Every structure is written in structure tokens, then in C-alpha cells.
$ cat input.tsv   # TSV, C-alpha atoms
chain	number	residue	atom	x	y	z
G	1	MET	CA	-72.19	3.81	5.78
G	2	GLU	CA	-74.07	4.78	8.93
G	3	ARG	CA	-70.83	6.11	10.30
G	4	PHE	CA	-71.27	8.99	7.85
G	5	LEU	CA	-74.79	9.73	9.07
G	6	LYS	CA	-74.40	11.82	12.21
G	7	LYS	CA	-77.07	13.05	14.57
G	8	TYR	CA	-76.77	16.70	13.57
G	9	TYR	CA	-76.76	17.68	9.91
G	10	ALA	CA	-75.95	21.24	8.88
G	11	ILE	CA	-77.20	22.48	5.50
G	12	THR	CA	-75.49	25.58	4.13
G	13	ASP	CA	-77.04	28.85	3.04
G	14	ARG	CA	-74.16	31.28	2.76
G	15	LYS	CA	-76.57	34.23	2.44
G	16	GLN	CA	-77.64	33.64	6.03
G	17	PHE	CA	-74.11	33.14	7.35
G	18	ARG	CA	-72.84	35.62	9.94
G	19	TYR	CA	-69.21	35.15	8.95
G	20	GLY	CA	-67.31	34.32	5.76
G	21	PHE	CA	-68.01	30.86	4.40
G	22	GLU	CA	-64.93	29.12	5.74
G	23	THR	CA	-65.08	30.80	9.15
G	24	GLN	CA	-68.76	29.91	9.54
G	25	ILE	CA	-68.14	26.27	8.66
G	26	LYS	CA	-65.23	26.16	11.11
G	27	ARG	CA	-67.48	27.56	13.84
G	28	MET	CA	-69.95	24.76	13.14
G	29	LEU	CA	-67.12	22.22	13.33
G	30	ASP	CA	-66.01	23.78	16.61
G	31	SER	CA	-69.54	23.32	17.95
G	32	GLY	CA	-69.34	19.61	17.13
G	33	ILE	CA	-71.18	19.33	13.80
G	34	ARG	CA	-69.74	16.54	11.64
G	35	MET	CA	-72.21	16.25	8.77
G	36	PHE	CA	-72.72	18.95	6.14
G	37	GLN	CA	-74.67	19.55	2.97
G	38	LEU	CA	-73.54	22.19	0.50
G	39	ARG	CA	-76.73	23.76	-0.82
G	40	GLU	CA	-76.08	26.96	-2.76
G	41	LYS	CA	-78.59	26.77	-5.57
G	42	ASP	CA	-77.81	30.15	-7.10
G	43	LEU	CA	-74.16	29.44	-7.91
G	44	PRO	CA	-73.03	28.61	-11.46
G	45	SER	CA	-71.29	25.25	-11.85
G	46	ASP	CA	-67.75	26.61	-11.74
G	47	GLU	CA	-68.22	28.45	-8.44
G	48	LEU	CA	-70.17	25.57	-6.92
G	49	PHE	CA	-67.42	23.15	-7.94
G	50	GLU	CA	-64.77	25.39	-6.38
G	51	LEU	CA	-66.73	25.85	-3.17
G	52	ALA	CA	-67.42	22.11	-2.92
G	53	SER	CA	-63.71	21.34	-3.45
G	54	LYS	CA	-62.76	23.81	-0.75
G	55	MET	CA	-65.36	22.43	1.64
G	56	GLU	CA	-64.37	18.82	1.03
G	57	LYS	CA	-60.75	19.66	1.92
G	58	LEU	CA	-61.81	21.62	4.99
G	59	LEU	CA	-64.06	18.84	6.29
G	60	SER	CA	-61.65	15.99	5.57
G	61	GLY	CA	-59.35	17.47	8.21
G	62	TYR	CA	-62.14	16.84	10.75
G	63	ASP	CA	-63.38	13.44	9.55
G	64	ALA	CA	-66.74	15.08	8.90
G	65	SER	CA	-69.09	13.77	6.22
G	66	PHE	CA	-69.93	15.85	3.20
G	67	PHE	CA	-72.96	15.91	0.90
G	68	VAL	CA	-73.72	18.05	-2.13
G	69	ASN	CA	-77.27	19.14	-2.90
G	70	ASP	CA	-78.69	18.01	-6.27
G	71	ARG	CA	-75.44	18.01	-8.26
G	72	VAL	CA	-74.37	14.38	-8.48
G	73	ASP	CA	-71.49	15.38	-10.77
G	74	ILE	CA	-70.03	17.85	-8.29
G	75	ALA	CA	-70.44	15.31	-5.47
G	76	VAL	CA	-68.57	12.65	-7.44
G	77	LEU	CA	-65.89	14.99	-8.80
G	78	THR	CA	-65.05	16.53	-5.43
G	79	GLY	CA	-64.99	13.23	-3.55
G	80	ALA	CA	-68.01	13.99	-1.38
G	81	ASN	CA	-69.50	11.16	0.66
G	82	GLY	CA	-72.86	11.59	-0.94
G	83	VAL	CA	-75.50	13.63	-2.66
G	84	HIS	CA	-78.75	15.00	-1.31
G	85	LEU	CA	-81.52	14.93	-3.90
G	86	PRO	CA	-84.24	17.58	-3.55
G	87	SER	CA	-87.82	16.87	-4.62
G	88	LYS	CA	-87.28	17.90	-8.23
G	89	SER	CA	-84.06	16.00	-8.89
G	90	ILE	CA	-82.58	13.02	-10.70
G	91	PRO	CA	-84.22	9.72	-9.61
G	92	VAL	CA	-82.55	7.99	-6.64
G	93	GLU	CA	-82.40	4.67	-8.53
G	94	ALA	CA	-80.46	6.13	-11.45
G	95	VAL	CA	-77.86	7.64	-9.10
G	96	LYS	CA	-77.52	4.47	-7.00
G	97	HIS	CA	-77.20	2.30	-10.09
G	98	LYS	CA	-74.36	4.32	-11.61
G	99	PHE	CA	-72.61	5.42	-8.41
G	100	PRO	CA	-73.24	2.64	-5.88
G	101	SER	CA	-70.70	3.95	-3.40
G	102	LEU	CA	-72.37	7.35	-3.16
G	103	ILE	CA	-74.61	7.85	-0.12
G	104	VAL	CA	-77.94	9.18	-1.38
G	105	GLY	CA	-80.33	11.27	0.68
G	106	LYS	CA	-83.75	12.42	-0.45
G	107	SER	CA	-86.03	15.31	0.58
G	108	CYS	CA	-89.47	14.07	1.64
G	109	HIS	CA	-92.62	15.94	2.56
G	110	SER	CA	-95.09	13.08	3.20
G	111	VAL	CA	-95.28	9.43	4.26
G	112	GLU	CA	-95.73	8.53	0.57
G	113	ASP	CA	-92.53	10.38	-0.37
G	114	ALA	CA	-90.66	8.58	2.40
G	115	VAL	CA	-91.87	5.11	1.46
G	116	ARG	CA	-91.03	5.75	-2.20
G	117	ALA	CA	-87.57	7.09	-1.37
G	118	GLU	CA	-86.76	3.99	0.68
G	119	LYS	CA	-88.04	1.72	-2.09
G	120	GLU	CA	-85.90	3.56	-4.66
G	121	GLY	CA	-82.81	2.98	-2.56
G	122	ALA	CA	-82.29	6.20	-0.61
G	123	ASP	CA	-79.90	5.79	2.32
G	124	TYR	CA	-81.57	8.45	4.43
G	125	ILE	CA	-84.30	11.03	4.09
G	126	THR	CA	-85.09	14.47	5.42
G	127	PHE	CA	-88.69	15.21	6.37
G	128	SER	CA	-89.74	18.84	6.21
G	129	PRO	CA	-90.93	21.32	7.23
G	130	VAL	CA	-91.58	20.03	10.73
G	131	PHE	CA	-92.21	23.52	12.10
G	132	ASP	CA	-92.96	26.89	10.59
G	133	THR	CA	-90.10	28.17	8.43
G	134	PRO	CA	-90.04	30.94	5.79
G	135	GLY	CA	-91.08	29.97	2.26
G	136	LYS	CA	-91.55	26.27	2.93
G	137	GLY	CA	-95.34	26.00	3.21
G	138	LYS	CA	-97.53	24.67	6.00
G	139	PRO	CA	-95.60	22.91	8.77
G	140	LYS	CA	-96.18	19.15	9.02
G	141	GLY	CA	-95.88	18.86	12.78
G	142	LEU	CA	-94.49	16.24	15.14
G	143	GLU	CA	-97.31	13.71	14.62
G	144	ALA	CA	-96.61	13.54	10.88
G	145	LEU	CA	-92.91	13.19	11.65
G	146	LYS	CA	-93.69	10.22	13.94
G	147	GLU	CA	-95.67	8.56	11.15
G	148	VAL	CA	-92.77	8.97	8.73
G	149	VAL	CA	-90.35	7.49	11.26
G	150	LYS	CA	-92.66	4.47	11.65
G	151	ALA	CA	-93.17	4.06	7.89
G	152	VAL	CA	-89.52	3.53	6.90
G	153	THR	CA	-86.48	1.68	8.18
G	154	ILE	CA	-83.86	4.15	6.83
G	155	PRO	CA	-82.64	7.09	8.94
G	156	VAL	CA	-84.99	10.07	9.05
G	157	TYR	CA	-83.75	13.61	9.67
G	158	ALA	CA	-86.24	16.18	10.92
G	159	LEU	CA	-85.88	19.50	9.11
G	160	GLY	CA	-87.50	22.91	9.15
G	161	GLY	CA	-87.99	25.52	11.84
G	162	ILE	CA	-86.28	23.49	14.56
G	163	THR	CA	-84.79	25.64	17.34
G	164	GLU	CA	-82.48	24.49	20.13
G	165	GLU	CA	-85.39	24.52	22.59
G	166	ARG	CA	-87.40	22.17	20.41
G	167	ILE	CA	-84.65	19.57	19.89
G	168	PRO	CA	-85.75	17.36	22.85
G	169	GLU	CA	-89.36	17.03	21.66
G	170	VAL	CA	-88.20	16.36	18.10
G	171	LEU	CA	-85.84	13.62	19.24
G	172	LYS	CA	-88.71	11.96	21.16
G	173	THR	CA	-90.37	11.12	17.83
G	174	GLY	CA	-87.67	8.54	17.21
G	175	VAL	CA	-85.90	10.44	14.43
G	176	TYR	CA	-82.35	9.47	13.64
G	177	GLY	CA	-81.15	13.05	13.56
G	178	ILE	CA	-81.83	16.72	13.13
G	179	ALA	CA	-81.05	18.76	10.04
G	180	GLY	CA	-81.10	22.51	9.85
G	181	ILE	CA	-79.81	25.67	8.28
G	182	ARG	CA	-80.31	28.52	10.75
G	183	LEU	CA	-80.25	26.14	13.72
G	184	PHE	CA	-76.51	25.67	13.32
G	185	ILE	CA	-75.49	29.22	12.42
G	186	LYS	CA	-73.87	30.69	15.50
W	187	MET	CA	-64.22	9.82	-31.18
W	188	GLU	CA	-64.27	12.10	-34.22
W	189	ARG	CA	-67.04	9.95	-35.64
W	190	PHE	CA	-69.28	11.58	-33.02
W	191	LEU	CA	-68.27	15.09	-34.09
W	192	LYS	CA	-70.38	15.91	-37.14
W	193	LYS	CA	-70.25	18.97	-39.35
W	194	TYR	CA	-73.57	20.42	-38.16
W	195	TYR	CA	-74.31	20.67	-34.47
W	196	ALA	CA	-77.79	21.62	-33.26
W	197	ILE	CA	-78.16	23.12	-29.80
W	198	THR	CA	-81.66	23.05	-28.32
W	199	ASP	CA	-83.75	25.90	-27.03
W	200	ARG	CA	-87.27	24.53	-26.72
W	201	LYS	CA	-88.68	28.03	-26.17
W	202	GLN	CA	-87.75	28.87	-29.74
W	203	PHE	CA	-89.06	25.61	-31.19
W	204	ARG	CA	-91.93	25.83	-33.68
W	205	TYR	CA	-93.23	22.36	-32.83
W	206	GLY	CA	-93.32	20.14	-29.76
W	207	PHE	CA	-89.90	19.02	-28.55
W	208	GLU	CA	-89.89	15.54	-30.07
W	209	THR	CA	-91.40	16.68	-33.38
W	210	GLN	CA	-88.87	19.49	-33.68
W	211	ILE	CA	-85.94	17.15	-33.02
W	212	LYS	CA	-87.33	14.69	-35.56
W	213	ARG	CA	-87.55	17.47	-38.14
W	214	MET	CA	-83.89	18.26	-37.52
W	215	LEU	CA	-83.03	14.58	-37.92
W	216	ASP	CA	-85.03	14.51	-41.15
W	217	SER	CA	-82.99	17.44	-42.41
W	218	GLY	CA	-79.79	15.47	-41.78
W	219	ILE	CA	-78.56	16.77	-38.41
W	220	ARG	CA	-76.73	14.06	-36.47
W	221	MET	CA	-75.20	15.95	-33.53
W	222	PHE	CA	-77.24	17.54	-30.76
W	223	GLN	CA	-76.73	19.38	-27.50
W	224	LEU	CA	-79.51	19.52	-24.93
W	225	ARG	CA	-79.33	23.00	-23.45
W	226	GLU	CA	-82.38	23.87	-21.37
W	227	LYS	CA	-80.94	25.84	-18.49
W	228	ASP	CA	-84.22	26.69	-16.80
W	229	LEU	CA	-85.32	23.10	-16.14
W	230	PRO	CA	-85.03	21.54	-12.67
W	231	SER	CA	-82.91	18.39	-12.49
W	232	ASP	CA	-85.81	15.93	-12.65
W	233	GLU	CA	-87.28	17.40	-15.84
W	234	LEU	CA	-83.87	17.81	-17.45
W	235	PHE	CA	-83.04	14.19	-16.63
W	236	GLU	CA	-86.33	13.02	-18.17
W	237	LEU	CA	-85.89	15.12	-21.29
W	238	ALA	CA	-82.28	13.94	-21.69
W	239	SER	CA	-83.36	10.30	-21.32
W	240	LYS	CA	-86.09	10.79	-23.92
W	241	MET	CA	-83.69	12.53	-26.30
W	242	GLU	CA	-80.99	9.90	-25.90
W	243	LYS	CA	-83.51	7.19	-26.86
W	244	LEU	CA	-84.81	9.20	-29.79
W	245	LEU	CA	-81.31	9.91	-31.14
W	246	SER	CA	-79.95	6.40	-30.65
W	247	GLY	CA	-82.46	5.24	-33.28
W	248	TYR	CA	-80.64	7.49	-35.75
W	249	ASP	CA	-77.04	6.90	-34.71
W	250	ALA	CA	-76.82	10.61	-33.88
W	251	SER	CA	-74.45	11.88	-31.20
W	252	PHE	CA	-75.77	13.46	-28.06
W	253	PHE	CA	-74.30	16.03	-25.68
W	254	VAL	CA	-75.72	17.57	-22.51
W	255	ASN	CA	-74.93	21.16	-21.57
W	256	ASP	CA	-73.14	21.69	-18.23
W	257	ARG	CA	-74.66	18.74	-16.32
W	258	VAL	CA	-71.99	16.05	-16.33
W	259	ASP	CA	-74.18	13.88	-14.08
W	260	ILE	CA	-77.13	13.92	-16.48
W	261	ALA	CA	-74.80	13.21	-19.41
W	262	VAL	CA	-73.29	10.20	-17.63
W	263	LEU	CA	-76.60	8.90	-16.24
W	264	THR	CA	-78.46	9.08	-19.55
W	265	GLY	CA	-75.66	7.54	-21.59
W	266	ALA	CA	-74.93	10.66	-23.64
W	267	ASN	CA	-71.79	10.71	-25.76
W	268	GLY	CA	-70.50	13.78	-24.04
W	269	VAL	CA	-70.97	16.98	-22.16
W	270	HIS	CA	-70.64	20.55	-23.34
W	271	LEU	CA	-69.17	22.82	-20.68
W	272	PRO	CA	-70.21	26.48	-20.80
W	273	SER	CA	-67.83	29.22	-19.66
W	274	LYS	CA	-68.89	29.05	-16.02
W	275	SER	CA	-68.74	25.29	-15.55
W	276	ILE	CA	-66.78	22.47	-13.93
W	277	PRO	CA	-63.14	22.38	-15.16
W	278	VAL	CA	-62.53	20.25	-18.25
W	279	GLU	CA	-59.64	18.43	-16.54
W	280	ALA	CA	-61.76	17.27	-13.61
W	281	VAL	CA	-64.39	15.85	-15.94
W	282	LYS	CA	-61.85	14.13	-18.23
W	283	HIS	CA	-60.00	12.67	-15.27
W	284	LYS	CA	-63.10	11.05	-13.71
W	285	PHE	CA	-65.00	10.22	-16.90
W	286	PRO	CA	-62.33	9.58	-19.55
W	287	SER	CA	-64.78	8.11	-22.05
W	288	LEU	CA	-66.97	11.21	-22.08
W	289	ILE	CA	-66.41	13.56	-25.02
W	290	VAL	CA	-65.93	17.05	-23.59
W	291	GLY	CA	-66.69	20.25	-25.46
W	292	LYS	CA	-66.01	23.75	-24.19
W	293	SER	CA	-67.48	27.17	-24.98
W	294	CYS	CA	-64.78	29.65	-26.01
W	295	HIS	CA	-64.92	33.36	-26.74
W	296	SER	CA	-61.26	34.18	-27.45
W	297	VAL	CA	-58.00	32.66	-28.68
W	298	GLU	CA	-56.88	32.44	-25.03
W	299	ASP	CA	-60.01	30.45	-24.10
W	300	ALA	CA	-59.42	28.11	-27.01
W	301	VAL	CA	-55.77	27.45	-26.21
W	302	ARG	CA	-56.61	26.84	-22.55
W	303	ALA	CA	-59.49	24.48	-23.42
W	304	GLU	CA	-57.22	22.39	-25.65
W	305	LYS	CA	-54.53	22.29	-22.96
W	306	GLU	CA	-57.08	21.16	-20.37
W	307	GLY	CA	-58.13	18.27	-22.58
W	308	ALA	CA	-61.25	19.47	-24.37
W	309	ASP	CA	-62.14	17.33	-27.38
W	310	TYR	CA	-63.73	20.17	-29.31
W	311	ILE	CA	-64.68	23.79	-28.76
W	312	THR	CA	-67.35	26.20	-29.89
W	313	PHE	CA	-66.29	29.75	-30.69
W	314	SER	CA	-68.97	32.42	-30.31
W	315	PRO	CA	-70.59	34.69	-31.15
W	316	VAL	CA	-69.27	34.84	-34.69
W	317	PHE	CA	-72.07	37.13	-35.87
W	318	ASP	CA	-74.64	39.32	-34.15
W	319	THR	CA	-77.06	37.31	-32.03
W	320	PRO	CA	-79.45	38.45	-29.25
W	321	GLY	CA	-78.01	38.72	-25.74
W	322	LYS	CA	-74.54	37.40	-26.57
W	323	GLY	CA	-72.49	40.59	-26.76
W	324	LYS	CA	-70.37	42.01	-29.53
W	325	PRO	CA	-69.82	39.63	-32.47
W	326	LYS	CA	-66.25	38.35	-32.89
W	327	GLY	CA	-66.25	38.15	-36.67
W	328	LEU	CA	-64.68	35.79	-39.20
W	329	GLU	CA	-61.12	37.02	-38.74
W	330	ALA	CA	-61.18	36.14	-35.04
W	331	LEU	CA	-62.66	32.75	-35.94
W	332	LYS	CA	-59.78	32.14	-38.35
W	333	GLU	CA	-57.27	32.94	-35.61
W	334	VAL	CA	-58.92	30.46	-33.26
W	335	VAL	CA	-58.88	27.76	-35.92
W	336	LYS	CA	-55.15	28.37	-36.40
W	337	ALA	CA	-54.42	28.43	-32.66
W	338	VAL	CA	-55.68	24.93	-31.80
W	339	THR	CA	-55.56	21.43	-33.26
W	340	ILE	CA	-58.93	20.26	-31.88
W	341	PRO	CA	-62.16	20.71	-33.87
W	342	VAL	CA	-63.67	24.20	-33.74
W	343	TYR	CA	-67.37	24.84	-34.22
W	344	ALA	CA	-68.47	28.32	-35.26
W	345	LEU	CA	-71.51	29.50	-33.29
W	346	GLY	CA	-73.72	32.56	-33.10
W	347	GLY	CA	-75.85	34.37	-35.64
W	348	ILE	CA	-74.98	32.05	-38.51
W	349	THR	CA	-77.64	31.91	-41.21
W	350	GLU	CA	-77.84	29.48	-44.13
W	351	GLU	CA	-76.56	32.16	-46.49
W	352	ARG	CA	-73.47	32.67	-44.38
W	353	ILE	CA	-72.49	29.00	-44.09
W	354	PRO	CA	-70.12	29.06	-47.11
W	355	GLU	CA	-68.05	32.03	-45.84
W	356	VAL	CA	-67.91	30.48	-42.35
W	357	LEU	CA	-66.69	27.16	-43.72
W	358	LYS	CA	-63.93	28.98	-45.64
W	359	THR	CA	-62.26	29.87	-42.31
W	360	GLY	CA	-61.29	26.23	-41.91
W	361	VAL	CA	-63.71	25.45	-39.04
W	362	TYR	CA	-64.54	21.83	-38.43
W	363	GLY	CA	-68.25	22.49	-38.21
W	364	ILE	CA	-71.12	24.83	-37.57
W	365	ALA	CA	-73.20	24.95	-34.40
W	366	GLY	CA	-76.45	26.78	-34.00
W	367	ILE	CA	-79.79	27.10	-32.32
W	368	ARG	CA	-82.13	29.02	-34.64
W	369	LEU	CA	-80.16	27.99	-37.72
W	370	PHE	CA	-81.54	24.44	-37.46
W	371	ILE	CA	-85.12	25.21	-36.40
W	372	LYS	CA	-87.32	24.66	-39.43

$ encode --input "input.tsv" --output "C-alpha cells"
Amino acid sequence: MERFLKKYYAITDRKQFRYGFETQIKRMLDSGIRMFQLREKDLPSDELFELASKMEKLLSGYDASFFVNDRVDIAVLTGANGVHLPSKSIPVEAVKHKFPSLIVGKSCHSVEDAVRAEKEGADYITFSPVFDTPGKGKPKGLEALKEVVKAVTIPVYALGGITEERIPEVLKTGVYGIAGIRLFIK
Amino acid sequence: MERFLKKYYAITDRKQFRYGFETQIKRMLDSGIRMFQLREKDLPSDELFELASKMEKLLSGYDASFFVNDRVDIAVLTGANGVHLPSKSIPVEAVKHKFPSLIVGKSCHSVEDAVRAEKEGADYITFSPVFDTPGKGKPKGLEALKEVVKAVTIPVYALGGITEERIPEVLKTGVYGIAGIRLFIK
């Protein structure tokens, strides 16, 4: 499974994209990104299903891994590699029990969240917000990130306010990878 | 499967309930309702999952059938009998293909919708709004309902603005059953 968990993890927000959806994703692929999460919370199920289907096809041509935010059904039905469960989502255990082949990621915001997610069977976690980022509350900082990395054995992705310049210091904490939205929009 | 499709089909809207959720559902069960759809569009996935789990347990004690609106994942994970797909939802075919044992209902608003839903594999449809009901557009009327009933072979539920007094004239159109929100809140 770890072959699907790459070092850089792009999360979509089409409203921030500089180009059309497909072009923007292709630009990310061109820059070397091979792990994506479709996160478009405002879309109704039909449009999200269509976009996920399109994205799955697009990414499969690149051997890139594909996750869907929150919607386990759309992940399963479009053949995604996994689902990323936000804080207020279906329990990890329930998803793992019914769909054991699905890779399950979980959003965490504290050491307690991280330990619980690992216990419940999450395959990886994101920890956020590491730095200041709009609408996401007080940044947790690199020391908190280090503690999370120490507290669990599953891969941890740092997320939130990470810029290219800050990547080296973030990687020094021992994180498995770096997740981002704006970071990968070029 | 038709044993799960009862004549009266209650769709939830907890904001219109007169009692707490569980009490209100129990009152419906006491009045003889044995088919329910959980439709609480504003809830985040964790709360919807919890409410669906609670409802599934409650209903299983009564041998009542249970459907979840839109969220195929929550239907599958909570052991519901089926899913009801609104207009802007995942395609019926995709759901039937992956989860053949799930009963799939589809919201329809025209003869064309109904014919398409049957072709795609829907097990039943709702046709709405039959009468005037807040926020649902122009009522379709009983003649349109009759046409829908004639156009498909799958069960058709009449929905929208139906009051107790109107039940007899609605049933005369040949519908399989009657669905409602306020109609069943007592």
C-alpha cells in the first residue's frame, strides 16, 4: 500500500485553480505530483461523481494515486485508491471493515487525534494546520508536528500554510510527506 | 425485494418533527408506517452516519425497511435496505453495478425521468411534487402522475403536498404507494 503514499500530496480546490480543472491537474502531474485528493465539498453528488470519474481516468494514465474526500461511495464507485476522512466523517473502523482494500486517510489536529486514528486503522494521517492558513484556526507549529510524528507509526503528512521555502524545515520533523492545496497550484 | 416496498413511505425532516427524533419515528411506527427514508441533508457525515445507525437499529426491531437519501456509503455501512437517489446524485447504474443487493429508488419529476430511471435499473421511483408544497416548484397534478404510472412497470410513489384527505384520489391513479414528510408527522 505504501507505494500509493507519495511524498507530495495535492488536495484540490478548483476555486483556487488558475486554469481549468483538467489543465491544472495536468500541470501538477507535469511538476511530478503523483498523489491527489479530490476535495470539492460544494458539489452535489452527481457532479462530484462525474469529476471523480474524470480524475480517476486522467490519473490512471500516470500511475498516480487517487483519494476522494469524505465520500466513501464515490471513492469505491470510481475505483479510487482510497478515501480521506475529514474530522466530521464516517468512522475509520466502519470504512475499513466494509472496504478493507480501500486506503483510508484521516485529518488530525492533535496528538490525541493521531493516536486515535492509528488505533482505528487509518493508513495515514494529515496533521494541520502546521502554519498559518486562511480559515483553519491557530497554526500548530513544527514542534507539535514533531510530537505527532513520534506518537504514531503510520505515515504523517504535514498540511496547512506550507510554502516551497518551508519544505526543508518541515521535512526535518520526520514527516512522511507534505500535503497542500495552494502549494501545488502553479 | 417488493416486500421492502410498503404502501406508505415516510421521509424524515427532523426540523419539522414535533418530538425528538427517536420519539417521532416511534410514533410513526405506532401509526403503522414500515418504510422510512433518512433525509437530513444538512448533517455532516459523522452525524448522519450516527443517526442512520441509530435508525437502522430502531427500525430492525419492527421489521421496517430503511433507505438513506443520496449517501450510498452510509446506506451500505449501516446495513440499510437501500438508497434513495435524488435528482442530482450518483447514477443508478453505477450503484446497482457495485452494490447489486441494495434497493435503489430515484426521484423523478417527469415521464422522461421515470422512463430513464427504470431503464437505468431503479427499483422504484418517487414522482413529485404531485400537489403544492413549499419550495418544490409547480405541482404536477394527478393527470401527470397517472401518465407516469402508465409509463413504467416499477413501483411509483406519489410525493408532495399529499394530505390525508387526498390519499383516496391519489391511490385511484394506480400508484404503488404514497410518500411524504409532513403527511406522517403526528

$ interface_residues --input "input.tsv" --of "chain G" --to "chain W" --cutoff "10 Å" --atoms "all atoms listed in the file" --output "PyMOL selection string"
chain G and resi 43-50+70-78+85-91+94-95+97-99

$ residues_near_point --input "input.tsv" --point "(-94.2, 23.7, 14.3)" --cutoff "7 Å" --atoms "all atoms listed in the file" --output "ChimeraX atom specification"
/G:130-132,139,141,161

$ atom_distance --input "input.tsv" --atom1 "CA of Glu143 (chain G)" --atom2 "CA of Met35 (chain G)"
25.9 Å

$ residues_around --input "input.tsv" --residues "Pro129 (chain G)" --least-positions-apart "6" --cutoff "9 Å" --atoms "only C-alpha atoms" --output "ChimeraX atom specification"
/G:109,136-141,158-162

$ atom_distance --input "input.tsv" --atom1 "CA of Lys41 (chain G)" --atom2 "CA of Ile311 (chain W)"
27.2 Å

$ closest_residue --input "input.tsv" --among "G:Ile103, G:Ile33, G:Ala144, G:Ala117" --to "Glu2 (chain G)" --atoms "only C-alpha atoms"
G:Ile103

$ residues_around --input "input.tsv" --residues "Ala151 (chain G)" --least-positions-apart "4" --cutoff "7 Å" --atoms "all atoms listed in the file" --output "PyMOL selection string"
chain G and resi 111+115+147

$ residues_around --input "input.tsv" --residues "Pro341 (chain W)" --least-positions-apart "5" --cutoff "9 Å" --atoms "only C-alpha atoms" --output "JSON, numbers by chain"
{"W": [188, 191, 309, 310, 311, 312, 335, 361, 362, 363]}

$ closest_residue --input "input.tsv" --among "G:Ile181, G:Ala52, G:Leu171, G:Ala64" --to "Gly79 (chain G)" --atoms "all atoms listed in the file"
G:Ala52

$ atom_distance --input "input.tsv" --atom1 "CA of Pro320 (chain W)" --atom2 "CA of Glu298 (chain W)"
23.7 Å

$ residues_around --input "input.tsv" --residues "Ala308 (chain W)" --least-positions-apart "6" --cutoff "7 Å" --atoms "only C-alpha atoms" --output "tab-separated table (two decimals) with C-alpha atoms, in the coordinates of the input"
chain	number	residue	atom	x	y	z
W	278	VAL	CA	-62.53	20.25	-18.25
W	290	VAL	CA	-65.93	17.05	-23.59
W	291	GLY	CA	-66.69	20.25	-25.46
W	292	LYS	CA	-66.01	23.75	-24.19

$ axis_aligned_box --input "input.tsv" --around "region 177-180 of chain G" --padding-each-side "5 Å" --output "lines of an AutoDock Vina configuration file"
center_x = -81.4
center_y = 17.8
center_z = 11.7
size_x = 10.8
size_y = 19.5
size_z = 13.7

$ closest_residue --input "input.tsv" --among "G:Ala10, G:Cys108, G:Val156, G:Leu183" --to "Phe66 (chain G)" --atoms "only C-alpha atoms"
G:Ala10

$ residues_near_point --input "input.tsv" --point "(-78.3, 25.6, -44.9)" --cutoff "10 Å" --atoms "all atoms listed in the file" --output "list in words"
Tyr194, Ser217, Ile348, Thr349, Glu350, Glu351, Arg352, Ile353, Pro354, Leu369 and Phe370 of chain W
